[in-house]
>>> print(open('structure.txt').read())   # compact mmCIF, C-alpha atoms and all ligand atoms
# COMPACT_ATOMS: atom_id res chain seq x y z
CA MET A 1 64.00 46.65 57.17
CA ARG A 2 66.61 44.59 55.42
CA LYS A 3 64.44 44.59 52.33
CA PHE A 4 64.16 48.38 52.58
CA ILE A 5 67.93 48.81 52.86
CA GLY A 6 68.24 46.43 49.92
CA SER A 7 65.99 48.55 47.75
CA VAL A 8 67.73 51.77 48.75
CA LEU A 9 71.05 50.15 47.90
CA CYS A 10 69.69 48.92 44.61
CA ALA A 11 68.30 52.32 43.76
CA ALA A 12 71.66 53.89 44.57
CA LEU A 13 73.43 51.32 42.44
CA ALA A 14 70.95 51.87 39.65
CA VAL A 15 72.04 55.50 39.61
CA PHE A 16 75.63 54.33 39.26
CA ALA A 17 74.50 51.98 36.51
CA VAL A 18 73.11 54.93 34.61
CA LEU A 19 76.42 56.65 35.11
CA GLY A 20 78.08 53.67 33.48
CA VAL A 21 79.25 51.98 36.67
CA SER A 22 77.92 48.45 36.75
CA GLY A 23 75.18 48.19 39.32
CA CYS A 24 73.30 45.43 41.05
CA LYS A 25 71.37 42.68 39.33
CA LYS A 26 68.06 44.16 38.23
CA SER A 27 64.97 42.56 39.72
CA GLY A 28 62.58 40.51 37.62
CA GLY A 29 65.17 38.24 36.00
CA ASP A 30 66.73 40.89 33.82
CA SER A 31 70.12 39.23 33.94
CA LEU A 32 71.06 36.69 31.34
CA TYR A 33 73.64 34.15 32.49
CA VAL A 34 75.74 33.26 29.49
CA GLY A 35 78.04 30.23 29.53
CA THR A 36 81.26 30.19 27.55
CA ASN A 37 84.69 28.57 27.49
CA ALA A 38 87.25 31.31 27.20
CA GLU A 39 90.02 29.59 25.36
CA PHE A 40 88.91 29.95 21.84
CA ALA A 41 90.47 33.14 20.52
CA PRO A 42 89.38 35.31 18.85
CA PHE A 43 85.82 34.29 19.85
CA GLU A 44 86.40 34.18 23.60
CA TYR A 45 89.64 34.34 25.52
CA LEU A 46 91.21 35.79 28.62
CA ASP A 47 93.02 39.07 28.35
CA ASN A 48 94.67 39.84 31.70
CA GLY A 49 91.95 37.90 33.46
CA THR A 50 89.07 39.54 31.58
CA ILE A 51 86.98 37.50 29.15
CA VAL A 52 86.95 39.25 25.80
CA GLY A 53 86.39 38.40 22.13
CA PHE A 54 84.00 38.47 19.20
CA ASP A 55 81.32 36.37 20.94
CA ILE A 56 81.52 38.47 24.09
CA GLU A 57 81.00 41.73 22.23
CA LEU A 58 78.23 40.13 20.19
CA ILE A 59 76.34 38.88 23.22
CA ASN A 60 76.73 42.18 25.06
CA GLU A 61 75.23 43.96 22.08
CA ILE A 62 72.38 41.42 21.99
CA GLY A 63 71.86 42.00 25.73
CA ARG A 64 71.66 45.73 25.15
CA LEU A 65 69.07 45.27 22.40
CA ILE A 66 66.85 42.91 24.38
CA GLY A 67 67.26 44.79 27.68
CA LYS A 68 69.17 42.13 29.63
CA GLU A 69 72.30 42.46 31.68
CA ILE A 70 74.83 39.91 30.42
CA VAL A 71 76.66 37.88 33.07
CA ILE A 72 79.39 35.68 31.60
CA LYS A 73 80.18 32.32 33.22
CA ASN A 74 83.41 30.64 32.14
CA MET A 75 83.58 26.84 32.29
CA ALA A 76 84.92 23.76 30.51
CA PHE A 77 83.45 23.42 27.02
CA ASP A 78 81.98 19.97 27.62
CA GLY A 79 80.30 21.27 30.78
CA LEU A 80 78.33 23.95 28.93
CA LEU A 81 75.37 21.92 27.69
CA PRO A 82 74.93 20.08 31.04
CA ALA A 83 75.11 23.45 32.87
CA MET A 84 72.35 24.80 30.65
CA GLN A 85 70.20 21.70 31.19
CA ALA A 86 70.71 22.17 34.94
CA LYS A 87 69.63 25.84 34.55
CA LYS A 88 72.92 27.13 35.92
CA ILE A 89 73.22 29.25 32.79
CA ASP A 90 70.49 30.61 30.52
CA ILE A 91 72.23 30.40 27.14
CA ILE A 92 75.60 29.48 25.59
CA ILE A 93 77.83 31.48 23.28
CA ALA A 94 81.10 29.66 22.72
CA GLY A 95 81.85 29.36 19.01
CA MET A 96 79.51 26.43 19.34
CA THR A 97 78.68 24.60 16.14
CA ALA A 98 74.98 24.04 15.62
CA ASP A 99 75.06 20.34 14.83
CA ASP A 100 72.32 17.73 14.68
CA GLU A 101 73.51 15.87 17.75
CA ARG A 102 73.25 18.99 19.92
CA ARG A 103 69.99 20.01 18.29
CA LYS A 104 68.40 16.98 19.97
CA SER A 105 68.75 18.70 23.35
CA VAL A 106 68.86 22.44 22.63
CA ASN A 107 67.67 25.04 20.17
CA PHE A 108 70.11 27.10 18.17
CA THR A 109 69.64 30.70 17.06
CA ASP A 110 70.30 31.74 13.48
CA PRO A 111 74.00 31.24 12.71
CA TYR A 112 76.42 34.13 13.25
CA PHE A 113 79.66 32.68 11.87
CA THR A 114 80.74 30.02 9.36
CA SER A 115 83.84 27.97 10.02
CA LYS A 116 85.45 24.58 9.38
CA GLN A 117 88.07 22.30 10.90
CA ALA A 118 91.79 22.80 10.31
CA ILE A 119 94.88 20.71 11.06
CA LEU A 120 97.82 22.05 13.05
CA ILE A 121 101.18 20.32 12.73
CA ASP A 122 104.80 20.96 13.66
CA SER A 123 106.39 23.12 10.98
CA GLY A 124 108.92 20.34 10.37
CA THR A 125 106.23 17.77 9.52
CA GLU A 126 106.13 17.18 5.77
CA ASP A 127 103.90 14.13 5.39
CA ILE A 128 100.60 15.42 6.74
CA LYS A 129 98.76 17.44 4.14
CA THR A 130 95.11 16.40 4.41
CA PHE A 131 92.75 14.48 6.68
CA GLU A 132 93.62 11.39 4.61
CA ASP A 133 97.11 11.47 6.09
CA LEU A 134 95.85 11.13 9.66
CA PRO A 135 95.15 7.35 9.95
CA GLY A 136 97.93 5.67 11.94
CA ARG A 137 98.85 8.98 13.61
CA ASP A 138 98.36 10.35 17.09
CA VAL A 139 95.95 13.22 16.69
CA GLY A 140 95.05 15.60 19.48
CA VAL A 141 91.53 16.99 19.85
CA VAL A 142 89.65 18.78 22.60
CA LEU A 143 87.05 16.72 24.42
CA GLY A 144 83.58 17.38 23.00
CA TYR A 145 84.64 19.77 20.24
CA THR A 146 83.34 19.04 16.75
CA GLY A 147 86.99 18.31 15.87
CA ASP A 148 86.80 15.41 18.32
CA MET A 149 83.78 14.02 16.46
CA VAL A 150 85.38 14.51 13.02
CA VAL A 151 88.62 12.77 13.99
CA THR A 152 86.85 10.00 15.91
CA ASP A 153 85.03 9.16 12.66
CA ILE A 154 88.28 8.58 10.72
CA PRO A 155 89.26 4.91 11.05
CA GLU A 156 92.62 4.05 12.58
CA VAL A 157 93.46 7.44 13.94
CA LYS A 158 94.86 7.30 17.46
CA VAL A 159 92.73 10.01 19.02
CA GLN A 160 94.19 11.78 22.04
CA ARG A 161 91.57 13.81 23.87
CA TYR A 162 92.48 16.85 25.95
CA ASN A 163 90.33 18.81 28.38
CA ALA A 164 91.34 22.20 27.05
CA THR A 165 92.53 23.75 23.80
CA SER A 166 95.77 24.88 25.44
CA GLU A 167 96.49 21.31 26.57
CA ALA A 168 96.13 19.96 23.03
CA ILE A 169 98.50 22.66 21.75
CA MET A 170 101.00 21.86 24.52
CA ALA A 171 100.92 18.20 23.53
CA LEU A 172 101.65 19.18 19.93
CA ASN A 173 104.50 21.46 20.98
CA ALA A 174 105.90 18.62 23.09
CA LYS A 175 105.54 16.29 20.05
CA LYS A 176 103.27 13.98 22.01
CA VAL A 177 100.86 14.09 19.07
CA ASP A 178 101.51 14.42 15.33
CA ALA A 179 98.69 16.86 14.71
CA VAL A 180 95.83 18.72 16.37
CA VAL A 181 92.44 19.18 14.71
CA LEU A 182 90.68 22.36 15.71
CA ASP A 183 88.33 25.01 14.32
CA TYR A 184 90.06 27.13 11.68
CA GLU A 185 90.19 30.57 13.36
CA PRO A 186 91.54 29.46 16.75
CA ALA A 187 93.97 27.13 14.93
CA LYS A 188 95.14 30.03 12.80
CA ASN A 189 95.60 32.09 15.94
CA TYR A 190 97.79 29.42 17.56
CA ALA A 191 99.86 29.13 14.38
CA LYS A 192 100.34 32.88 14.41
CA TYR A 193 101.73 32.93 17.95
CA ASN A 194 103.67 29.61 17.81
CA GLU A 195 106.32 29.85 15.11
CA ASN A 196 106.95 26.13 15.25
CA LEU A 197 103.37 25.34 14.24
CA LYS A 198 101.95 25.14 10.73
CA LEU A 199 98.31 25.45 9.75
CA ILE A 200 96.71 23.23 7.11
CA GLU A 201 93.46 24.44 5.64
CA THR A 202 91.02 21.73 4.72
CA ASP A 203 87.99 21.48 2.52
CA LEU A 204 85.96 19.88 5.26
CA ALA A 205 82.27 20.58 5.68
CA ARG A 206 81.22 24.00 6.86
CA GLU A 207 80.19 24.46 10.46
CA GLU A 208 77.95 27.22 11.64
CA TYR A 209 78.30 28.83 15.04
CA SER A 210 75.09 29.67 16.87
CA ILE A 211 73.92 30.61 20.32
CA ALA A 212 72.37 27.68 22.20
CA VAL A 213 69.08 28.29 23.99
CA PRO A 214 67.00 25.80 26.05
CA LYS A 215 64.21 24.10 24.11
CA ASP A 216 61.52 25.68 26.29
CA GLN A 217 62.70 29.27 25.75
CA GLY A 218 61.04 30.02 22.44
CA GLU A 219 60.43 33.66 23.26
CA LEU A 220 64.07 34.29 24.18
CA LEU A 221 65.17 32.50 21.01
CA GLY A 222 62.96 34.84 18.97
CA GLN A 223 64.31 37.92 20.74
CA ILE A 224 67.91 36.89 20.17
CA ASN A 225 67.27 36.16 16.49
CA LYS A 226 65.67 39.56 16.08
CA ALA A 227 68.63 41.23 17.80
CA LEU A 228 71.05 39.30 15.57
CA GLU A 229 69.18 40.54 12.53
CA THR A 230 69.45 44.12 13.77
CA ILE A 231 73.17 43.69 14.47
CA LYS A 232 73.76 42.26 10.99
CA GLY A 233 71.83 45.12 9.45
CA ASN A 234 73.13 48.14 11.37
CA GLY A 235 76.87 47.81 10.81
CA THR A 236 77.70 46.34 14.24
CA TYR A 237 78.35 42.89 12.81
CA ASP A 238 80.64 44.25 10.09
CA ARG A 239 82.52 46.30 12.66
CA LEU A 240 83.09 43.19 14.83
CA MET A 241 84.11 41.13 11.80
CA SER A 242 86.77 43.61 10.77
CA LYS A 243 87.93 44.11 14.36
CA TYR A 244 88.50 40.40 14.98
CA PHE A 245 89.08 38.94 11.53
CA ASN A 246 90.87 41.67 9.68
CA GLU A 247 93.71 39.84 7.91
N1 LIG A 301 83.06 24.72 17.16
C1 LIG A 301 83.49 23.67 18.00
C2 LIG A 301 82.31 22.98 18.64
O1 LIG A 301 81.23 23.43 18.60
C3 LIG A 301 84.47 24.09 19.07
C4 LIG A 301 83.97 25.18 19.97
C5 LIG A 301 84.91 25.45 21.12
N2 LIG A 301 84.54 26.64 21.78
C6 LIG A 301 85.13 27.14 22.90
N3 LIG A 301 84.69 28.27 23.35
N4 LIG A 301 86.09 26.50 23.49
O2 LIG A 301 82.47 21.92 19.20
>>> encode(input="structure.txt", output="structure tokens")
Amino acid sequence: MRKFIGSVLCAALAVFAVLGVSGCKKSGGDSLYVGTNAEFAPFEYLDNGTIVGFDIELINEIGRLIGKEIVIKNMAFDGLLPAMQAKKIDIIIAGMTADDERRKSVNFTDPYFTSKQAILIDSGTEDIKTFEDLPGRDVGVVLGYTGDMVVTDIPEVKVQRYNATSEAIMALNAKKVDAVVLDYEPAKNYAKYNENLKLIETDLAREEYSIAVPKDQGELLGQINKALETIKGNGTYDRLMSKYFNE
């Protein structure tokens, strides 16, 4: 009986779903649980409590193309890979750099964005102009970000690790650190909204953002890559690029 009521309810909700009202989770594993860390504007961030951004629109479009309902799960960045290993989420989209270390435990889709690290400083700071000026300084990074790895590799930097991007920025604003190293686009975004911060572009190695998929999900990986190709070819990608990165 309960099962019957369940199906009637589901059918009713499915009708709403067709009408554009979000319905119940479709049976047969049609939902795709997507992990992210929504403090990385413009890729993913909270807007009045709703998670929005380039990655979110991209993954919803991918979901549409491969026939999966996207369910976003927000969590700490360094909890994303463990959550995927524990099967709490199916994939990750989080401006995540496809690097060799991570490739040991996950597969990455084809890249969808190219970035690099940038340095944020107080606008009054005159003597930090490149990564070479960082040794001897207190430099803030976010735990587990590629910026953390880059700065950790520079000898004699006093690395201060924060759990969240906002915390690293707060430390910089409070002059607890001399600089923060972060991916270019989010760094640029913080500089835009914090007048007292200055952005330094660097010529550091390129990083490519990709969607992380478990090693044993080859079919899903293929489907996502195919959807990405469609999105890059049909104008959707260009539309998202100009919406989020229009200077
Ligand atoms: N690209 C960097 C990395 O892969 C930082 C990503 C941070 N993303 C986020 N959604 N907080 O480590």
>>> residues_around(input="structure.txt", residues="stretch 230-247 of chain A", least_positions_apart="4", cutoff="12 Å", atoms="only C-alpha atoms", output="MDAnalysis selection string")
chainID A and resid 41:44 52:66 110:114 184:186 188:189 192 223:226
>>> write_last_selection(input="structure.txt", atoms="C-alpha atoms", output="compact mmCIF listing (two decimals), in the coordinates of the input")
# COMPACT_ATOMS: atom_id res chain seq x y z
CA ALA A 41 90.47 33.14 20.52
CA PRO A 42 89.38 35.31 18.85
CA PHE A 43 85.82 34.29 19.85
CA GLU A 44 86.40 34.18 23.60
CA VAL A 52 86.95 39.25 25.80
CA GLY A 53 86.39 38.40 22.13
CA PHE A 54 84.00 38.47 19.20
CA ASP A 55 81.32 36.37 20.94
CA ILE A 56 81.52 38.47 24.09
CA GLU A 57 81.00 41.73 22.23
CA LEU A 58 78.23 40.13 20.19
CA ILE A 59 76.34 38.88 23.22
CA ASN A 60 76.73 42.18 25.06
CA GLU A 61 75.23 43.96 22.08
CA ILE A 62 72.38 41.42 21.99
CA GLY A 63 71.86 42.00 25.73
CA ARG A 64 71.66 45.73 25.15
CA LEU A 65 69.07 45.27 22.40
CA ILE A 66 66.85 42.91 24.38
CA ASP A 110 70.30 31.74 13.48
CA PRO A 111 74.00 31.24 12.71
CA TYR A 112 76.42 34.13 13.25
CA PHE A 113 79.66 32.68 11.87
CA THR A 114 80.74 30.02 9.36
CA TYR A 184 90.06 27.13 11.68
CA GLU A 185 90.19 30.57 13.36
CA PRO A 186 91.54 29.46 16.75
CA LYS A 188 95.14 30.03 12.80
CA ASN A 189 95.60 32.09 15.94
CA LYS A 192 100.34 32.88 14.41
CA GLN A 223 64.31 37.92 20.74
CA ILE A 224 67.91 36.89 20.17
CA ASN A 225 67.27 36.16 16.49
CA LYS A 226 65.67 39.56 16.08
>>> closest_atom_pairs(input="structure.txt", of="chain A", to="ligand LIG 301 (chain A)", cutoff="8 Å", atoms="only C-alpha atoms and all ligand atoms", output="CSV")
residue,atom,partner,partner_atom,distance
A:Thr36,CA,A:LIG301,N3,5.8
A:Asn37,CA,A:LIG301,N3,4.2
A:Ala38,CA,A:LIG301,N3,5.5
A:Glu39,CA,A:LIG301,N4,5.3
A:Phe40,CA,A:LIG301,N4,4.8
A:Phe43,CA,A:LIG301,N3,7.1
A:Glu44,CA,A:LIG301,N3,6.2
A:Ala76,CA,A:LIG301,N4,7.6
A:Phe77,CA,A:LIG301,N4,5.4
A:Ile93,CA,A:LIG301,N3,7.6
A:Ala94,CA,A:LIG301,N3,3.9
A:Gly95,CA,A:LIG301,N2,4.7
A:Met96,CA,A:LIG301,O1,3.5
A:Thr97,CA,A:LIG301,O1,3.7
A:Ala98,CA,A:LIG301,O1,7.0
A:Asp99,CA,A:LIG301,O1,7.9
A:Ser115,CA,A:LIG301,N1,7.9
A:Gly144,CA,A:LIG301,O2,6.0
A:Tyr145,CA,A:LIG301,O2,3.2
A:Thr146,CA,A:LIG301,O2,3.9
A:Gly147,CA,A:LIG301,O2,6.7
A:Asp148,CA,A:LIG301,O2,7.9
A:Ala164,CA,A:LIG301,N4,7.7
A:Thr165,CA,A:LIG301,N4,7.0
A:Leu182,CA,A:LIG301,C3,7.3
A:Asp183,CA,A:LIG301,N1,6.0
A:Glu207,CA,A:LIG301,N1,7.3
A:Glu208,CA,A:LIG301,N1,7.9
A:Tyr209,CA,A:LIG301,N1,6.6
>>> write_last_selection(input="structure.txt", atoms="C-alpha atoms", output="short mmCIF file (atom, residue, chain, number, x, y, z; two decimals), in the coordinates of the input")
data_model
loop_
_atom_site.label_atom_id
_atom_site.label_comp_id
_atom_site.auth_asym_id
_atom_site.auth_seq_id
_atom_site.Cartn_x
_atom_site.Cartn_y
_atom_site.Cartn_z
CA THR A 36 81.26 30.19 27.55
CA ASN A 37 84.69 28.57 27.49
CA ALA A 38 87.25 31.31 27.20
CA GLU A 39 90.02 29.59 25.36
CA PHE A 40 88.91 29.95 21.84
CA PHE A 43 85.82 34.29 19.85
CA GLU A 44 86.40 34.18 23.60
CA ALA A 76 84.92 23.76 30.51
CA PHE A 77 83.45 23.42 27.02
CA ILE A 93 77.83 31.48 23.28
CA ALA A 94 81.10 29.66 22.72
CA GLY A 95 81.85 29.36 19.01
CA MET A 96 79.51 26.43 19.34
CA THR A 97 78.68 24.60 16.14
CA ALA A 98 74.98 24.04 15.62
CA ASP A 99 75.06 20.34 14.83
CA SER A 115 83.84 27.97 10.02
CA GLY A 144 83.58 17.38 23.00
CA TYR A 145 84.64 19.77 20.24
CA THR A 146 83.34 19.04 16.75
CA GLY A 147 86.99 18.31 15.87
CA ASP A 148 86.80 15.41 18.32
CA ALA A 164 91.34 22.20 27.05
CA THR A 165 92.53 23.75 23.80
CA LEU A 182 90.68 22.36 15.71
CA ASP A 183 88.33 25.01 14.32
CA GLU A 207 80.19 24.46 10.46
CA GLU A 208 77.95 27.22 11.64
CA TYR A 209 78.30 28.83 15.04
#
>>> atom_distance(input="structure.txt", atom1="atom CA of A:Ser123", atom2="atom CA of A:Leu197")
5.0 Å
>>> atom_distance(input="structure.txt", atom1="atom CA of A:Gly124", atom2="atom CA of A:Asn196")
7.8 Å
>>> residues_around(input="structure.txt", residues="A:Glu201", least_positions_apart="6", cutoff="10 Å", atoms="all atoms listed in the file", output="ChimeraX atom specification")
/A:116-120,129-130,184,187-188
>>> residues_near_point(input="structure.txt", point="(70.6, 19.4, 21.9)", cutoff="10 Å", atoms="only C-alpha atoms", output="PDB file with C-alpha atoms, in the frame of the given file")
ATOM      1  CA  LEU A  81      75.370  21.920  27.690  1.00  0.00           C
ATOM      2  CA  GLN A  85      70.200  21.700  31.190  1.00  0.00           C
ATOM      3  CA  ALA A  98      74.980  24.040  15.620  1.00  0.00           C
ATOM      4  CA  ASP A  99      75.060  20.340  14.830  1.00  0.00           C
ATOM      5  CA  ASP A 100      72.320  17.730  14.680  1.00  0.00           C
ATOM      6  CA  GLU A 101      73.510  15.870  17.750  1.00  0.00           C
ATOM      7  CA  ARG A 102      73.250  18.990  19.920  1.00  0.00           C
ATOM      8  CA  ARG A 103      69.990  20.010  18.290  1.00  0.00           C
ATOM      9  CA  LYS A 104      68.400  16.980  19.970  1.00  0.00           C
ATOM     10  CA  SER A 105      68.750  18.700  23.350  1.00  0.00           C
ATOM     11  CA  VAL A 106      68.860  22.440  22.630  1.00  0.00           C
ATOM     12  CA  ASN A 107      67.670  25.040  20.170  1.00  0.00           C
ATOM     13  CA  PHE A 108      70.110  27.100  18.170  1.00  0.00           C
ATOM     14  CA  ALA A 212      72.370  27.680  22.200  1.00  0.00           C
ATOM     15  CA  VAL A 213      69.080  28.290  23.990  1.00  0.00           C
ATOM     16  CA  PRO A 214      67.000  25.800  26.050  1.00  0.00           C
ATOM     17  CA  LYS A 215      64.210  24.100  24.110  1.00  0.00           C
TER      18      LYS A 215
END
>>> atom_distance(input="structure.txt", atom1="atom CA of A:Val181", atom2="atom CA of A:Val141")
5.7 Å
>>> closest_residue(input="structure.txt", among="A:Val159, A:Leu143, A:Leu32, A:Leu228", to="A:Ile89", atoms="all atoms listed in the file")
A:Leu32
>>> closest_residue(input="structure.txt", among="A:Val71, A:Val142, A:Ala168, A:Leu204", to="A:Asp30", atoms="all atoms listed in the file")
A:Val71
>>> residues_around(input="structure.txt", residues="A:Lys176", least_positions_apart="4", cutoff="12 Å", atoms="all atoms listed in the file", output="MDAnalysis selection string")
chainID A and resid 121:122 137:140 158:162 167:172 180
>>> residues_around(input="structure.txt", residues="A:Pro135", least_positions_apart="5", cutoff="9 Å", atoms="all atoms listed in the file", output="list in words")
Ile154, Pro155, Glu156, Val157 and Lys158 of chain A
>>> closest_residue(input="structure.txt", among="A:Leu221, A:Ile51, A:Met75, A:Ile91", to="A:Tyr33", atoms="all atoms listed in the file")
A:Ile91
>>> closest_residue(input="structure.txt", among="A:Asp133, A:Ala227, A:Thr152, A:Tyr190", to="A:Gly67", atoms="all atoms listed in the file")
A:Ala227
>>> axis_aligned_box(input="structure.txt", around="stretch 158-174 of chain A", padding_each_side="4 Å", output="lines of an AutoDock Vina configuration file")
center_x = 98.1
center_y = 16.1
center_z = 22.9
size_x = 23.6
size_y = 25.6
size_z = 18.9
>>> closest_residue(input="structure.txt", among="A:Gln217, A:Thr109, A:Thr50, A:Thr202", to="A:Glu132", atoms="only C-alpha atoms")
A:Thr202
>>> build_atoms(input="structure.txt", residues="stretch 82-91 of chain A", atoms="all heavy atoms", output="short mmCIF file (atom, residue, chain, number, x, y, z; two decimals), in the coordinates of the input")
data_model
loop_
_atom_site.label_atom_id
_atom_site.label_comp_id
_atom_site.auth_asym_id
_atom_site.auth_seq_id
_atom_site.Cartn_x
_atom_site.Cartn_y
_atom_site.Cartn_z
N PRO A 82 75.49 20.54 29.76
CA PRO A 82 74.93 20.08 31.04
C PRO A 82 74.56 21.25 31.96
O PRO A 82 73.53 21.20 32.63
CB PRO A 82 76.05 19.23 31.65
CG PRO A 82 76.88 18.80 30.51
CD PRO A 82 76.78 19.86 29.46
N ALA A 83 75.40 22.30 31.99
CA ALA A 83 75.11 23.45 32.87
C ALA A 83 73.81 24.14 32.44
O ALA A 83 73.03 24.60 33.28
CB ALA A 83 76.27 24.44 32.86
N MET A 84 73.58 24.17 31.12
CA MET A 84 72.35 24.80 30.65
C MET A 84 71.14 23.92 30.98
O MET A 84 70.09 24.43 31.40
CB MET A 84 72.40 25.12 29.16
CG MET A 84 71.27 26.04 28.73
SD MET A 84 71.53 26.78 27.12
CE MET A 84 71.03 25.45 26.04
N GLN A 85 71.31 22.61 30.83
CA GLN A 85 70.20 21.70 31.19
C GLN A 85 69.86 21.84 32.67
O GLN A 85 68.70 21.78 33.05
CB GLN A 85 70.56 20.23 30.91
CG GLN A 85 70.96 19.91 29.49
CD GLN A 85 69.87 20.15 28.45
OE1 GLN A 85 68.87 20.79 28.72
NE2 GLN A 85 70.08 19.65 27.24
N ALA A 86 70.91 22.06 33.49
CA ALA A 86 70.71 22.17 34.94
C ALA A 86 70.29 23.59 35.34
O ALA A 86 70.22 23.90 36.53
CB ALA A 86 71.99 21.77 35.67
N LYS A 87 70.06 24.46 34.35
CA LYS A 87 69.63 25.84 34.55
C LYS A 87 70.63 26.70 35.32
O LYS A 87 70.28 27.70 35.93
CB LYS A 87 68.25 25.89 35.24
CG LYS A 87 67.15 25.19 34.44
CD LYS A 87 65.78 25.66 34.88
CE LYS A 87 64.63 24.94 34.18
NZ LYS A 87 64.72 24.90 32.72
N LYS A 88 71.89 26.30 35.28
CA LYS A 88 72.92 27.13 35.92
C LYS A 88 73.27 28.31 35.02
O LYS A 88 73.79 29.31 35.47
CB LYS A 88 74.17 26.30 36.19
CG LYS A 88 73.96 25.29 37.30
CD LYS A 88 75.25 24.60 37.69
CE LYS A 88 74.97 23.54 38.73
NZ LYS A 88 75.62 22.27 38.40
N ILE A 89 73.05 28.15 33.74
CA ILE A 89 73.22 29.25 32.79
C ILE A 89 71.99 29.28 31.91
O ILE A 89 71.28 28.28 31.77
CB ILE A 89 74.51 29.07 31.92
CG1 ILE A 89 74.57 27.65 31.32
CG2 ILE A 89 75.76 29.37 32.74
CD1 ILE A 89 75.73 27.43 30.37
N ASP A 90 71.71 30.47 31.33
CA ASP A 90 70.49 30.61 30.52
C ASP A 90 70.73 30.26 29.06
O ASP A 90 69.85 29.72 28.39
CB ASP A 90 69.99 32.06 30.60
CG ASP A 90 69.60 32.45 32.02
OD1 ASP A 90 68.91 31.65 32.67
OD2 ASP A 90 70.01 33.54 32.48
N ILE A 91 71.90 30.65 28.55
CA ILE A 91 72.23 30.40 27.14
C ILE A 91 73.73 30.13 27.03
O ILE A 91 74.47 30.31 27.99
CB ILE A 91 71.85 31.59 26.22
CG1 ILE A 91 72.59 32.87 26.63
CG2 ILE A 91 70.35 31.84 26.22
CD1 ILE A 91 72.45 34.00 25.61
#
